[in-house]
Structure formats: C-alpha cells, structure tokens
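I have placed the structure first, in the form of structure tokens, so that the comments after it can refer back to it.
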Amino acid sequence: MQEVALAAVKQAAPLADAAKVAPWLYRLAVLQSLLYRRKCGRRRRLRDRYTDEVQHTDRGRPLALDPLDWLIAEERRGLVRRALAELAARDAEILLLKYTEHWNYHEIARHLGISHAAVEARLHRARARLRQELTALNVVEVP
C-alpha cells in the first residue's frame, strides 16, 4: 500500500475528472503489484544463482549458506592457519598433506621417505601439537 501511495504522489499529471480516481487508483495498484513481483523474482533468481555458485566452490562440498555459519567457519580457518604457522615445518607439512591434500598414509610415507608406522606416529604428535596451539589461542577446549 505504501508503494501505491508513493506512486500516486509521484504522478506528474493530476486527474481532472474525480469520477476516474477509483479506476486510476486500481490500475496503479495493479501496476505496483506487478513491479513488486518482478523485483521479488529478480531477487530470487540472484539468490539462487549465488547459492549455486557458492555450493560449487570449495571442491564440490556444499558450504554453509547462513552468513553466521560462513563467518564462524572463516574465523575458524584463520585460527587454524595461525596455529599451523606456529608449528614446526615438518608437523605442518604432514598435517597439510593429510588434511588439505587428502593424501593417504602410504602416499605420505612414500613422499617423506619414511615408514607407514612413522607417518602414524608423526601425525599423532602433530595433531597433539596443533591441539596445544589452538588451546593456547583459546579456541579449543581440551577435555
């Protein structure tokens, strides 16, 4: 109704015949309704296009579409990066190979020139050190 009232006020040419006010106002209301539906459709298409683009990023995994979830996830990623920067290079390397490159233990062992058991032990220690760094940043509560 507000949009119809604003459109009526913005009309440049005043009506000369008072009997034609009702049909004129009705037609104005219909036009404003159509414009509103068109605007809603544009917004919906834009939102759907954005949703499709966001869902297809990050290696095909669907991302959280809620802005708060996105913000929290982005903050968490930043804190993990800071904690990784504090780790020794060999700990950071093995964690990155495992969790960002998604290498299995055999691939890591072959790349680093160590045994499968050594990969398990190093990953265990590296995760513990990362947990300590995150605790130092007051991010993770260790049970």
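To be explicit about the labels: the chains of the structure tokens are called A, B, and onward in the order shown, and within each one the residues are counted from 1, while ligands get numbers from 1 in the order they are shown.
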Mind checking which residues fall within 12 Å of range 102-114 of chain A, counting only C-alpha atoms, ignoring those fewer than 5 positions away in the same chain, and posting them as a list of chain:residue names?
-> A:Arg59, A:Arg90, A:Asp91, A:Glu93, A:Ile94, A:Leu95, A:Leu96, A:Leu97, A:Val119, A:Glu120, A:Ala121, A:Arg122, A:Leu123
Do you know which residues are at most 10 Å from Glu3 in chain A counting only C-alpha atoms, after dropping those on the same chain fewer than 3 positions away, and could you put them as a ChimeraX atom specification?
-> /A:6-9,28-29,32-33,36
Serialized selection, C-alpha atoms, as a compact mmCIF listing (two decimals), in the first residue's frame:
# COMPACT_ATOMS: atom_id res chain seq x y z
CA LEU A 6 4.13 6.83 -3.20
CA ALA A 7 3.40 6.16 -6.87
CA ALA A 8 0.18 8.18 -6.61
CA VAL A 9 2.05 11.11 -5.09
CA LEU A 28 -1.91 1.99 -10.23
CA ALA A 29 -2.21 -0.70 -7.53
CA GLN A 32 2.75 -1.59 -8.46
CA SER A 33 1.93 -5.22 -7.59
CA TYR A 36 6.88 -5.79 -6.84
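Note that the spacing between CA of Ala22 in chain A and CA of Leu34 in chain A amounts to 18.5 Å.
The interatomic distance for the pair CA of Tyr26 in chain A and CA of Ala5 in chain A works out to 11.5 Å.
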Option closest in space to Arg76 in chain A, from A:Leu137, A:Ala126, A:Ala18, A:Cys40 [counting only C-alpha atoms] = A:Leu137
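Interatomic distance, CA of Arg47 in chain A against CA of Pro67 in chain A: 13.1 Å.
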